[in-house]
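Chemist: My file is start-v3.cif. It has mmCIF, C-alpha atoms:
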data_work
loop_
_atom_site.label_atom_id
_atom_site.label_comp_id
_atom_site.auth_asym_id
_atom_site.auth_seq_id
_atom_site.Cartn_x
_atom_site.Cartn_y
_atom_site.Cartn_z
CA MET A 1 0.00 0.00 0.00
CA SER A 2 1.61 3.25 -1.04
CA GLU A 3 1.77 6.34 1.15
CA THR A 4 -0.32 8.35 -1.33
CA GLU A 5 -3.30 6.08 -0.71
CA ILE A 6 -3.53 7.02 2.96
CA GLU A 7 -5.65 9.95 4.08
CA ILE A 8 -5.18 11.49 7.53
CA SER A 9 -8.00 13.41 9.18
CA VAL A 10 -8.55 15.06 12.55
CA LEU A 11 -11.91 14.62 14.25
CA PRO A 12 -13.25 17.13 16.81
CA SER A 13 -15.40 14.43 18.40
CA LEU A 14 -15.80 10.67 18.44
CA GLU A 15 -19.31 11.23 17.13
CA ALA A 16 -17.63 11.80 13.75
CA ILE A 17 -16.56 8.16 13.45
CA ASP A 18 -18.60 4.99 13.58
CA ALA A 19 -18.03 3.08 16.82
CA ALA A 20 -17.54 -0.22 15.01
CA GLN A 21 -14.76 1.25 12.84
CA TRP A 22 -12.95 2.71 15.87
CA ASP A 23 -13.33 -0.47 17.91
CA ALA A 24 -12.10 -2.64 15.05
CA CYS A 25 -8.80 -0.78 15.31
CA ALA A 26 -8.88 -1.03 19.12
CA ARG A 27 -9.42 -4.83 18.85
CA ALA A 28 -12.53 -4.31 20.99
CA THR A 29 -15.03 -6.29 18.93
CA GLY A 30 -16.52 -9.67 19.76
CA ASP A 31 -17.61 -11.20 23.04
CA GLY A 32 -15.92 -10.74 26.38
CA PRO A 33 -13.93 -7.85 27.82
CA PRO A 34 -11.91 -5.68 25.41
CA PRO A 35 -8.11 -5.87 25.62
CA ASP A 36 -8.04 -2.27 26.83
CA PRO A 37 -11.37 -0.82 28.00
CA PHE A 38 -9.98 2.74 27.95
CA THR A 39 -9.37 2.94 24.21
CA THR A 40 -12.87 1.76 23.29
CA HIS A 41 -15.24 4.13 21.56
CA ARG A 42 -17.66 3.83 24.49
CA PHE A 43 -15.13 4.90 27.15
CA LEU A 44 -13.64 7.79 25.22
CA GLY A 45 -17.13 8.76 24.08
CA ALA A 46 -18.34 8.79 27.70
CA LEU A 47 -15.65 11.34 28.52
CA GLU A 48 -16.91 13.60 25.74
CA THR A 49 -20.64 13.13 26.22
CA SER A 50 -20.34 13.79 29.96
CA GLY A 51 -18.34 16.99 29.50
CA SER A 52 -15.30 15.56 31.30
CA VAL A 53 -13.26 16.52 28.23
CA GLY A 54 -14.05 19.17 25.66
CA PRO A 55 -14.59 22.95 25.86
CA GLY A 56 -13.40 24.47 29.12
CA THR A 57 -11.52 21.39 30.33
CA GLY A 58 -8.14 21.87 28.65
CA TRP A 59 -8.66 18.56 26.83
CA GLN A 60 -9.96 19.39 23.35
CA PRO A 61 -10.53 16.26 21.20
CA GLN A 62 -8.47 16.16 18.01
CA HIS A 63 -8.66 12.45 17.24
CA LEU A 64 -6.38 11.20 14.51
CA VAL A 65 -7.76 8.83 11.86
CA ALA A 66 -5.97 7.16 8.94
CA ARG A 67 -8.02 5.84 6.00
CA ALA A 68 -7.02 3.83 2.97
CA ASN A 69 -9.49 3.58 0.08
CA GLY A 70 -12.18 4.90 2.41
CA GLN A 71 -11.55 2.29 5.10
CA VAL A 72 -10.36 3.28 8.59
CA ILE A 73 -7.05 1.47 9.11
CA ALA A 74 -5.76 3.27 12.22
CA CYS A 75 -6.76 5.86 14.79
CA ALA A 76 -5.47 7.49 17.94
CA PRO A 77 -7.17 9.37 20.80
CA MET A 78 -5.52 12.79 20.55
CA TYR A 79 -6.18 16.06 22.36
CA ALA A 80 -5.05 19.66 22.19
CA LYS A 81 -3.98 20.39 25.76
CA GLY A 82 -4.09 23.78 27.46
CA HIS A 83 -2.32 22.50 30.59
CA SER A 84 -0.53 19.39 31.84
CA GLN A 85 -3.10 18.15 34.33
CA GLY A 86 -4.56 14.65 34.33
CA GLU A 87 -1.61 13.07 32.48
CA TYR A 88 0.43 11.35 35.26
CA ILE A 89 3.65 11.48 33.23
CA PHE A 90 4.63 14.99 34.14
CA ASP A 91 6.20 17.58 31.88
CA HIS A 92 5.73 20.61 34.16
CA ALA A 93 9.49 21.26 34.26
CA TRP A 94 9.65 21.17 30.46
CA ALA A 95 6.78 23.66 30.25
CA GLN A 96 8.43 26.02 32.73
CA ALA A 97 11.75 25.88 30.86
CA TRP A 98 10.08 26.62 27.52
CA GLU A 99 8.07 29.50 28.97
CA ARG A 100 11.21 30.97 30.62
CA ALA A 101 12.89 30.85 27.20
CA GLY A 102 10.07 33.00 25.83
CA GLY A 103 8.02 30.29 24.13
CA ASP A 104 4.40 29.19 24.47
CA TYR A 105 4.33 25.59 25.67
CA TYR A 106 0.54 25.36 25.40
CA PRO A 107 -1.36 24.29 23.47
CA LYS A 108 0.42 21.00 22.90
CA LEU A 109 -0.82 17.73 21.42
CA GLN A 110 -1.36 14.67 23.61
CA ILE A 111 -2.09 11.13 22.41
CA ALA A 112 -3.45 9.60 25.57
CA VAL A 113 -6.46 8.39 27.49
CA PRO A 114 -7.42 11.35 29.70
CA PHE A 115 -7.02 10.93 33.46
CA THR A 116 -5.93 7.31 33.02
CA PRO A 117 -2.40 6.22 33.96
CA ALA A 118 -2.83 2.74 32.48
CA THR A 119 -0.48 1.23 29.91
CA GLY A 120 -2.05 0.23 26.60
CA PRO A 121 -1.91 0.79 22.84
CA ARG A 122 -2.13 4.45 21.91
CA PHE A 123 -1.99 3.81 18.18
CA LEU A 124 -5.02 1.68 17.36
CA LEU A 125 -4.31 -0.41 14.29
CA ARG A 126 -6.52 -2.59 12.14
CA PRO A 127 -5.18 -6.18 12.04
CA GLY A 128 -2.99 -6.81 9.04
CA LEU A 129 -2.19 -3.12 8.55
CA GLU A 130 -0.23 -2.47 11.72
CA GLN A 131 3.00 -1.07 10.28
CA VAL A 132 1.49 1.17 7.63
CA GLY A 133 -1.16 2.40 10.08
CA PHE A 134 1.37 3.17 12.82
CA GLU A 135 3.68 5.05 10.48
CA ALA A 136 0.79 7.05 9.03
CA LEU A 137 -0.42 8.13 12.48
CA VAL A 138 3.06 9.12 13.68
CA ARG A 139 3.72 11.12 10.53
CA GLY A 140 0.31 12.76 10.76
CA ALA A 141 0.71 13.74 14.42
CA THR A 142 4.24 15.12 14.00
CA GLN A 143 3.30 17.04 10.86
CA LEU A 144 0.34 18.62 12.67
CA THR A 145 2.64 19.64 15.51
CA ASP A 146 5.16 21.21 13.13
CA ALA A 147 2.63 22.87 10.82
CA ASN A 148 0.85 24.56 13.74
CA ASP A 149 4.12 25.67 15.38
CA LEU A 150 3.28 23.76 18.56
CA SER A 151 5.89 23.16 21.24
CA SER A 152 5.47 19.42 21.46
CA LEU A 153 3.58 16.18 20.94
CA HIS A 154 3.33 13.55 23.70
CA VAL A 155 2.24 9.91 23.64
CA THR A 156 1.78 8.75 27.23
CA PHE A 157 1.46 5.24 28.71
CA CYS A 158 2.11 3.61 25.37
CA THR A 159 3.32 0.02 25.07
CA GLU A 160 6.98 -0.93 25.03
CA ALA A 161 6.61 -2.04 21.39
CA GLU A 162 5.12 1.33 20.44
CA ARG A 163 7.98 3.09 22.16
CA ALA A 164 10.54 1.09 20.17
CA ALA A 165 8.73 1.73 16.90
CA GLY A 166 8.32 5.42 17.70
CA GLU A 167 11.98 5.83 18.56
CA ALA A 168 12.85 4.20 15.23
CA MET A 169 10.86 7.01 13.58
CA GLY A 170 12.72 9.72 15.48
CA LEU A 171 10.54 10.27 18.55
CA LEU A 172 12.11 10.57 22.00
CA GLY A 173 11.36 7.74 24.41
CA ARG A 174 10.87 8.32 28.12
CA SER A 175 10.74 5.95 31.09
CA SER A 176 8.65 6.24 34.24
CA GLN A 177 7.57 3.79 36.92
CA GLN A 178 4.49 2.11 38.39
CA TYR A 179 3.64 -0.91 40.52
CA HIS A 180 1.71 -3.83 39.02
CA TRP A 181 0.65 -7.17 40.47
CA PHE A 182 1.39 -10.24 38.36
CA ASN A 183 -0.51 -13.50 38.48
CA ASP A 184 2.09 -16.26 38.43
CA GLY A 185 -0.51 -18.96 37.96
CA TYR A 186 -2.02 -18.60 41.45
CA ALA A 187 -5.11 -20.67 42.22
CA SER A 188 -6.08 -18.59 45.26
CA PHE A 189 -5.02 -15.65 47.39
CA ASP A 190 -3.34 -18.07 49.81
CA ASP A 191 -1.41 -19.46 46.84
CA PHE A 192 -0.14 -15.93 46.18
CA LEU A 193 0.74 -15.43 49.85
CA ALA A 194 2.82 -18.60 49.75
CA ALA A 195 5.19 -16.86 47.35
CA LEU A 196 5.90 -14.10 49.90
CA SER A 197 8.28 -14.05 52.81
CA SER A 198 6.85 -15.18 56.14
CA ARG A 199 6.79 -11.66 57.59
CA LYS A 200 4.99 -10.21 54.59
CA ARG A 201 2.41 -13.02 54.67
CA LYS A 202 1.67 -12.27 58.30
CA THR A 203 1.44 -8.54 57.66
CA ILE A 204 -1.01 -8.95 54.79
CA ARG A 205 -3.19 -11.40 56.72
CA ARG A 206 -3.27 -8.97 59.64
CA GLU A 207 -4.16 -6.05 57.37
CA ARG A 208 -6.98 -7.99 55.74
CA ALA A 209 -8.36 -9.06 59.14
CA VAL A 210 -8.31 -5.47 60.41
CA ALA A 211 -9.95 -4.14 57.24
CA GLN A 212 -12.64 -6.81 57.09
CA GLY A 213 -13.46 -6.15 60.73
CA PHE A 214 -14.56 -2.57 60.02
CA GLY A 215 -18.09 -3.35 61.14
CA GLY A 216 -19.79 -4.04 57.84
CA THR A 217 -19.65 -6.08 54.65
CA ILE A 218 -17.53 -5.85 51.51
CA ARG A 219 -19.47 -6.54 48.32
CA SER A 220 -18.54 -6.49 44.63
CA TYR A 221 -20.85 -5.41 41.83
CA THR A 222 -20.68 -5.56 38.05
CA GLY A 223 -23.12 -5.36 35.15
CA ASP A 224 -26.81 -5.03 35.99
CA ALA A 225 -26.07 -5.58 39.70
CA ILE A 226 -24.78 -1.99 39.85
CA ARG A 227 -27.65 0.27 40.84
CA PRO A 228 -28.04 4.10 40.62
CA GLU A 229 -27.60 4.40 44.39
CA HIS A 230 -24.21 2.72 44.10
CA TRP A 231 -23.05 5.41 41.68
CA ASP A 232 -24.50 8.12 43.94
CA ALA A 233 -22.39 6.76 46.77
CA PHE A 234 -19.30 6.38 44.64
CA TRP A 235 -19.66 9.94 43.34
CA ARG A 236 -19.40 11.17 46.93
CA PHE A 237 -16.26 9.09 47.42
CA TYR A 238 -14.74 10.32 44.16
CA GLN A 239 -15.45 13.97 44.96
CA ASP A 240 -13.75 13.68 48.34
CA THR A 241 -10.64 12.02 46.90
CA GLY A 242 -10.50 14.36 43.91
CA ALA A 243 -10.81 17.48 46.03
CA ARG A 244 -7.92 16.36 48.22
CA LYS A 245 -5.61 15.15 45.43
CA TRP A 246 -6.27 17.36 42.42
CA GLY A 247 -8.12 20.40 43.74
CA ARG A 248 -11.20 19.47 41.76
CA PRO A 249 -12.40 16.15 40.31
CA TYR A 250 -11.63 15.61 36.65
CA LEU A 251 -14.75 13.57 35.88
CA THR A 252 -18.31 14.86 35.97
CA ARG A 253 -21.22 13.08 37.62
CA ALA A 254 -22.65 12.42 34.16
CA PHE A 255 -19.58 10.33 33.29
CA PHE A 256 -20.62 7.62 35.74
CA ASP A 257 -24.13 7.58 34.25
CA GLU A 258 -22.55 7.06 30.81
CA ILE A 259 -20.46 4.20 32.21
CA GLN A 260 -23.57 2.60 33.68
CA ALA A 261 -25.40 2.93 30.37
CA HIS A 262 -22.65 1.68 28.08
CA MET A 263 -19.89 -0.03 30.11
CA ARG A 264 -21.45 -1.61 33.20
CA ASP A 265 -20.18 -5.04 32.13
CA ASP A 266 -16.67 -3.60 31.90
CA VAL A 267 -16.51 -2.35 35.49
CA LEU A 268 -16.10 -3.94 38.90
CA LEU A 269 -17.29 -1.80 41.78
CA VAL A 270 -16.12 -2.90 45.24
CA LEU A 271 -18.04 -1.31 48.11
CA ALA A 272 -17.67 -1.44 51.86
CA GLU A 273 -21.18 -1.20 53.32
CA ARG A 274 -22.16 -0.61 56.92
CA GLY A 275 -25.80 -0.99 57.80
CA GLY A 276 -26.52 -1.37 54.10
CA VAL A 277 -24.98 2.03 53.33
CA PRO A 278 -21.75 2.30 51.31
CA VAL A 279 -19.00 4.06 53.27
CA ALA A 280 -16.05 3.40 50.95
CA GLY A 281 -15.44 2.01 47.48
CA ALA A 282 -13.00 1.23 44.69
CA LEU A 283 -13.78 1.32 40.98
CA ASN A 284 -12.00 -1.09 38.63
CA PHE A 285 -12.22 -1.50 34.87
CA ILE A 286 -12.07 -5.00 33.41
CA GLY A 287 -9.71 -5.74 30.55
CA ARG A 288 -9.29 -9.05 28.81
CA ASP A 289 -6.16 -9.98 30.78
CA VAL A 290 -5.79 -7.01 33.14
CA LEU A 291 -7.85 -5.60 35.99
CA TYR A 292 -7.36 -1.84 36.19
CA GLY A 293 -7.87 -0.16 39.55
CA ARG A 294 -8.85 3.44 38.91
CA TYR A 295 -10.61 5.32 41.71
CA TRP A 296 -11.05 5.00 45.45
CA GLY A 297 -12.80 7.06 48.09
CA ALA A 298 -14.46 6.94 51.49
CA VAL A 299 -16.70 8.98 53.75
CA GLU A 300 -15.54 7.13 56.87
CA HIS A 301 -12.00 6.25 57.89
CA HIS A 302 -11.35 2.62 58.79
CA PRO A 303 -7.80 1.25 59.17
CA MET A 304 -6.49 -0.80 56.25
CA LEU A 305 -9.75 -0.52 54.30
CA HIS A 306 -8.00 1.30 51.45
CA PHE A 307 -5.52 -1.57 51.04
CA GLU A 308 -8.29 -4.15 51.17
CA LEU A 309 -10.61 -2.54 48.63
CA CYS A 310 -7.97 -1.31 46.19
CA TYR A 311 -5.28 -3.98 46.31
CA TYR A 312 -6.31 -7.23 47.96
CA GLN A 313 -9.83 -7.36 46.54
CA ALA A 314 -8.37 -6.64 43.09
CA ILE A 315 -5.95 -9.54 43.49
CA ASP A 316 -8.81 -11.82 44.59
CA HIS A 317 -10.85 -10.94 41.53
CA ALA A 318 -7.92 -11.20 39.10
CA ILE A 319 -7.13 -14.70 40.36
CA ALA A 320 -10.78 -15.73 40.13
CA ARG A 321 -11.00 -14.38 36.54
CA GLY A 322 -7.66 -15.84 35.47
CA GLN A 323 -6.31 -12.41 34.64
CA GLY A 324 -2.56 -11.98 34.40
CA ARG A 325 -2.09 -8.55 35.90
CA VAL A 326 -3.54 -5.87 38.16
CA GLU A 327 -2.66 -2.24 37.49
CA ALA A 328 -3.52 -0.15 40.52
CA GLY A 329 -2.82 3.32 39.18
CA ALA A 330 0.04 5.75 39.50
CA GLN A 331 2.72 6.07 42.17
CA GLY A 332 2.64 4.39 45.58
CA GLU A 333 5.73 2.61 46.93
CA HIS A 334 3.44 1.19 49.64
CA LYS A 335 2.15 -1.21 46.97
CA LEU A 336 5.52 -2.97 46.95
CA ALA A 337 5.00 -4.51 50.40
CA ARG A 338 1.62 -5.79 49.23
CA GLY A 339 2.91 -7.92 46.37
CA TYR A 340 2.96 -5.34 43.58
CA ARG A 341 6.17 -5.13 41.54
CA PRO A 342 7.92 -2.09 40.07
CA VAL A 343 7.67 -1.87 36.28
CA THR A 344 8.75 0.57 33.61
CA CYS A 345 6.11 2.68 31.87
CA HIS A 346 6.77 4.26 28.50
CA SER A 347 6.01 7.44 26.61
CA LEU A 348 7.04 9.12 23.37
CA HIS A 349 7.70 12.79 22.63
CA HIS A 350 8.17 14.95 19.56
CA ILE A 351 10.00 18.25 20.17
CA PRO A 352 10.36 20.30 16.95
CA ASN A 353 12.81 22.87 18.34
CA ALA A 354 16.32 21.41 18.06
CA GLY A 355 17.73 23.11 21.17
CA PHE A 356 14.75 22.21 23.31
CA ARG A 357 14.86 18.64 22.03
CA ARG A 358 18.54 18.28 23.04
CA ALA A 359 17.78 19.47 26.55
CA VAL A 360 14.80 17.12 26.90
CA GLU A 361 16.81 14.21 25.51
CA GLN A 362 19.55 14.77 28.08
CA PHE A 363 16.93 14.82 30.81
CA THR A 364 15.15 11.66 29.66
CA THR A 365 18.43 9.76 29.28
CA ALA A 366 19.42 10.52 32.87
CA GLU A 367 15.86 9.83 34.05
CA ALA A 368 15.82 6.41 32.36
CA ARG A 369 19.00 5.38 34.19
CA ALA A 370 17.50 6.47 37.51
CA VAL A 371 14.26 4.58 36.84
CA GLU A 372 16.17 1.44 35.91
CA GLN A 373 18.25 1.64 39.10
CA ASP A 374 15.17 2.24 41.25
CA ILE A 375 13.39 -0.76 39.79
CA GLU A 376 16.43 -2.96 40.35
CA VAL A 377 16.73 -1.91 44.01
CA LEU A 378 13.00 -2.09 44.73
CA THR A 379 12.70 -5.51 43.12
CA ALA A 380 15.50 -6.81 45.31
CA TRP A 381 13.74 -5.45 48.41
CA GLY A 382 10.33 -6.79 47.38
CA PRO A 383 8.20 -9.08 49.55
CA PHE A 384 8.81 -12.30 47.65
CA ARG A 385 10.77 -15.18 49.14
CA ARG A 386 14.41 -15.27 48.15
CA ASN A 387 15.82 -18.17 50.18
CA THR A 388 14.94 -20.62 52.91
CA VAL A 389 16.97 -18.79 55.55
CA GLU A 390 14.78 -15.69 55.21
CA GLU A 391 11.65 -17.90 55.28
CA GLN A 392 12.70 -19.31 58.66
CA GLU A 393 13.32 -15.90 60.25
#
Could you write out this structure as C-alpha cells?
Modeler:
Amino acid sequence: MSETEIEISVLPSLEAIDAAQWDACARATGDGPPPDPFTTHRFLGALETSGSVGPGTGWQPQHLVARANGQVIACAPMYAKGHSQGEYIFDHAWAQAWERAGGDYYPKLQIAVPFTPATGPRFLLRPGLEQVGFEALVRGATQLTDANDLSSLHVTFCTEAERAAGEAMGLLGRSSQQYHWFNDGYASFDDFLAALSSRKRKTIRRERAVAQGFGGTIRSYTGDAIRPEHWDAFWRFYQDTGARKWGRPYLTRAFFDEIQAHMRDDVLLVLAERGGVPVAGALNFIGRDVLYGRYWGAVEHHPMLHFELCYYQAIDHAIARGQGRVEAGAQGEHKLARGYRPVTCHSLHHIPNAGFRRAVEQFTTAEARAVEQDIEVLTAWGPFRRNTVEEQE
C-alpha cells in the first residue's frame, strides 16, 4: 500500500466516526472484555458526552484517523492540551523551561487516554495493517505539531513495542515507573501469599483481618447488579478524593451515568457497606487480561480498608478471573510490600525545536538510568521469598 493512498484526518469528536470502525482498530469487537477498555469508543465517548473533556476542560478532542481507500485502518485518541493536568507522566518542568525561554508551551498535542495512567496501545491499528497504520499516524501527528508551530507532541502510557517503533521514527522515548501485580498462575489468594516471605504473609493477613473487621460487609458489583444508588455513593467518594488530590475532580457526575449505560459489564465496583450504606469504594475497569484499579474514596475512615478494597480485593478478583495482571494506578511505593512489583512505563515525545529537544533528551536519558536503578533496588527489596533462611526468620 503506497503512502499516497492514505488519508489522515482530525476529528473534533468521536461522534464523527462509527463506533464499530474505531473499535475494530482497538481490537474491541466480539464477546468478552476488550483488551483495553480505555481505548474503546464507548469509554472515550463517555468522557466527551459527559463533558469531562471538551470545551473548558483543557482537553480538546483532536482524534487522529488514517483511511485507505475509504476504510479506517488506524486511529489514535488525541487532544489539544491547554495545561498538563490529568496526564500522570509529568512535563511541568519542560513547560516552565520553555516559557522561561520565551516560548508558548501550550497548546500542545497529547495522544493519551485522559485521566488514566494505564499502559495500553495508543496507536489503534486494524489487524494486518499495523505497520502502515502506525507510520501514518506518527507522521500525521508530527506534521500537525510542526505545521501549527506547537511546542510538542506527547504519547503517554504507550506500550513498550510502540515506544521502540516510535523511537525508530525519530521520537524521544521516556521511562517512568508504576507498581503492578502479576498472576504467576495462582489458584487462590493463599497461593499468592505462599510466594511471599513469612513476615509479609503475616502482615497482609493482619491487614486484611483489620480491614474486614470494620463493622460491615464488603461486596462487589458488576453489570446489571450496579444500581443508581451505588453510583450516587461512589460519586461522593470520588469527589472527596478528587478534592484532596487534584483540587477538583476531573470527571463529571454524568460520566458515571454514561459508564452505567454503556460499560457496566466492563466495570467492577467494590463497596464497603455498613448498615446497608456504602462508606467506601473502589472502581475497577475489566480488561481481557488485566484488571485496572482506577478510583477510590471513602466517607468514613477505617484502618487498612483502602488496602483491602484497592489492592487485595483486586488480586482476589484477578485470580478468580484468570487475569494476568492488576494495574492499581500511578505512584505508591506502599504497593511494593503488598505484592505489587515495580515496572517501567513508556512514553514518546516529539520536540520540533532542536535546542529544546537536546535538553529534553539529556533529561530523559538521565531519568531512564535512575528509573532502571530504582526498579532494580526495589525488586531486590520486594516481599517475595528469596531463600529458605529468610523464610525461617
Chemist: Give as JSON, numbers by chain the residues that the PyMOL selection byres ((chain A and resi 236-240) around 10) matches when applied to the coordinates above.
Modeler: {"A": [231, 232, 233, 234, 235, 241, 242, 243, 244, 245, 247, 248, 249, 250, 251, 252, 253, 278, 279, 280, 281, 282, 283, 295, 296, 297, 298, 299, 300]}
Chemist: Interatomic distance between CA of Pro127 (chain A) and CA of Arg42 (chain A)?
Modeler: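 CA of Pro127 (chain A) sits 20.3 Å away from CA of Arg42 (chain A).
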Chemist: Decode the PyMOL selection byres ((chain A and resi 207) around 9) for the given file into explicit residues and return them as a list in words.
Modeler: Lys202, Thr203, Ile204, Arg205, Arg206, Arg208, Ala209, Val210, Ala211, Gln212, Pro303, Met304, Leu305, Phe307 and Glu308 of chain A
Chemist: The PyMOL selection byres ((chain A and resi 362-370) around 10) - which residues does that actually catch in the file I just gave you? List them as a list in words.
Modeler: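 Checked against the file, the PyMOL selection byres ((chain A and resi 362-370) around 10) matches Trp94, Leu172, Gly173, Arg174, Ser175, Ser176, Gln177, Thr344, Arg357, Arg358, Ala359, Val360, Glu361, Val371, Glu372, Gln373, Asp374, Ile375 and Glu376 of chain A.
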Chemist: How many Å separate CA of Gly223 (chain A) from CA of Gly120 (chain A)?
Modeler: 23.4 Å
Chemist: In Å, rounded to a single decimal, give me how far CA of Tyr179 (chain A) is from CA of Ala330 (chain A).
Modeler: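 Going from CA of Ala330 (chain A) over to CA of Tyr179 (chain A), I get 7.6 Å.
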Chemist: Calculated over all atoms listed in the file, which of the candidates A:Ile319, A:Leu193, A:Leu271, A:Ala28 has the smallest distance to Ile226 (chain A)?
Modeler: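 Result for the nearest residue to Ile226 (chain A): A:Leu271.
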Chemist: Of the candidates A:Asp257, A:Glu160, A:Glu135, A:Glu5, which one gets nearest to Gly70 (chain A) if we count all atoms listed in the file?
Modeler: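 Closest to Gly70 (chain A), using all atoms listed in the file: A:Glu5.
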Chemist: Set out as JSON lines a contact list for region 136-205 of chain A and region 74-89 of chain A with a cut-off of 10 Å, giving each residue of region 136-205 of chain A that qualifies its closest atom pair and distance in Å to one decimal, counting all atoms listed in the file, ordered by chain and rising residue number.
Modeler:
{"residue": "A:Ala136", "atom": "CA", "partner": "A:Ala74", "partner_atom": "CA", "distance": 8.2}
{"residue": "A:Leu137", "atom": "CA", "partner": "A:Cys75", "partner_atom": "CA", "distance": 7.1}
{"residue": "A:Val138", "atom": "CA", "partner": "A:Ala76", "partner_atom": "CA", "distance": 9.7}
{"residue": "A:Ala141", "atom": "CA", "partner": "A:Met78", "partner_atom": "CA", "distance": 8.8}
{"residue": "A:Leu150", "atom": "CA", "partner": "A:Ala80", "partner_atom": "CA", "distance": 10.0}
{"residue": "A:Leu153", "atom": "CA", "partner": "A:Ala80", "partner_atom": "CA", "distance": 9.4}
{"residue": "A:His154", "atom": "CA", "partner": "A:Met78", "partner_atom": "CA", "distance": 9.4}
{"residue": "A:Val155", "atom": "CA", "partner": "A:Met78", "partner_atom": "CA", "distance": 8.8}
{"residue": "A:Thr156", "atom": "CA", "partner": "A:Ile89", "partner_atom": "CA", "distance": 6.9}
{"residue": "A:Phe157", "atom": "CA", "partner": "A:Ile89", "partner_atom": "CA", "distance": 8.0}
{"residue": "A:Arg174", "atom": "CA", "partner": "A:Ile89", "partner_atom": "CA", "distance": 9.4}
{"residue": "A:Ser175", "atom": "CA", "partner": "A:Ile89", "partner_atom": "CA", "distance": 9.2}
{"residue": "A:Ser176", "atom": "CA", "partner": "A:Ile89", "partner_atom": "CA", "distance": 7.3}
{"residue": "A:Gln177", "atom": "CA", "partner": "A:Ile89", "partner_atom": "CA", "distance": 9.4}
Chemist: Could you please take those selected residues and save C-alpha atoms as a CSV table (one decimal), in the coordinates of the input?
Modeler:
chain,number,residue,atom,x,y,z
A,136,ALA,CA,0.8,7.0,9.0
A,137,LEU,CA,-0.4,8.1,12.5
A,138,VAL,CA,3.1,9.1,13.7
A,141,ALA,CA,0.7,13.7,14.4
A,150,LEU,CA,3.3,23.8,18.6
A,153,LEU,CA,3.6,16.2,20.9
A,154,HIS,CA,3.3,13.6,23.7
A,155,VAL,CA,2.2,9.9,23.6
A,156,THR,CA,1.8,8.8,27.2
A,157,PHE,CA,1.5,5.2,28.7
A,174,ARG,CA,10.9,8.3,28.1
A,175,SER,CA,10.7,6.0,31.1
A,176,SER,CA,8.6,6.2,34.2
A,177,GLN,CA,7.6,3.8,36.9
Chemist: Of the candidates A:Trp22, A:Leu269, A:Arg122, A:Gly58, which one gets nearest to Gly166 (chain A) if we count all atoms listed in the file?
Modeler: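 So, comparing all the options, the nearest one is A:Arg122.
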Chemist: Given the choices A:Ala20, A:Ile6, A:Leu11, A:Ala97, which gets closest to Val132 (chain A) if the distance is worked out from only C-alpha atoms?
Modeler: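 Of all the options, A:Ile6 lies closest to Val132 (chain A).
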Chemist: Between A:Tyr312, A:Pro352, A:Ala16, A:Gly332, which one has atoms that come closest to Ala147 (chain A), using all atoms listed in the file?
Modeler: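 Answer, going by the shortest atom-to-atom distance: A:Pro352.
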Chemist: Pick out the closest residue to Ser347 (chain A) from this set: A:Thr57, A:Ser9, A:Thr142, A:Thr159. Count all atoms listed in the file.
Modeler: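 Between A:Thr57, A:Ser9, A:Thr142, A:Thr159, the residue approaching Ser347 (chain A) most closely is A:Thr159.
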Chemist: Could you give me, as a PyMOL selection string, the residues within 8 Å of Phe38 (chain A), counting only C-alpha atoms and dropping anything in the same chain fewer than 3 positions from it?
Modeler: chain A and resi 43-44+113+116
Chemist: For Asp289 (chain A), list every protein, DNA or RNA residue within 10 Å, evaluated using all atoms listed in the file, and leave out those in the same chain fewer than 3 positions away; present the list as a PyMOL selection string.
Modeler: chain A and resi 33-36+286+292+318+321-326
Chemist: Quick one: residues within 12 Å of His334 (chain A), all atoms listed in the file counted, chain neighbours fewer than 6 positions away excluded, as a PyMOL selection string?
Modeler: chain A and resi 178-180+306-307+311+328+340-342+378+382-383
Chemist: Any idea what's packed within 7 Å of Ala46 (chain A), counting all atoms listed in the file, ignoring anything in its chain fewer than 5 positions away? Could you give it as a list in words?
Modeler: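 The filter keeps Phe255, Glu258 and Ile259 of chain A.
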Chemist: How big is the axis-aligned box around all listed atoms of region 251-259 of chain A once 8 Å goes on each side, and where's its centre, in Å to one decimal, as JSON?
Modeler:
{"center_x": -19.4, "center_y": 9.5, "center_z": 34.2, "size_x": 25.4, "size_y": 26.7, "size_z": 22.8}
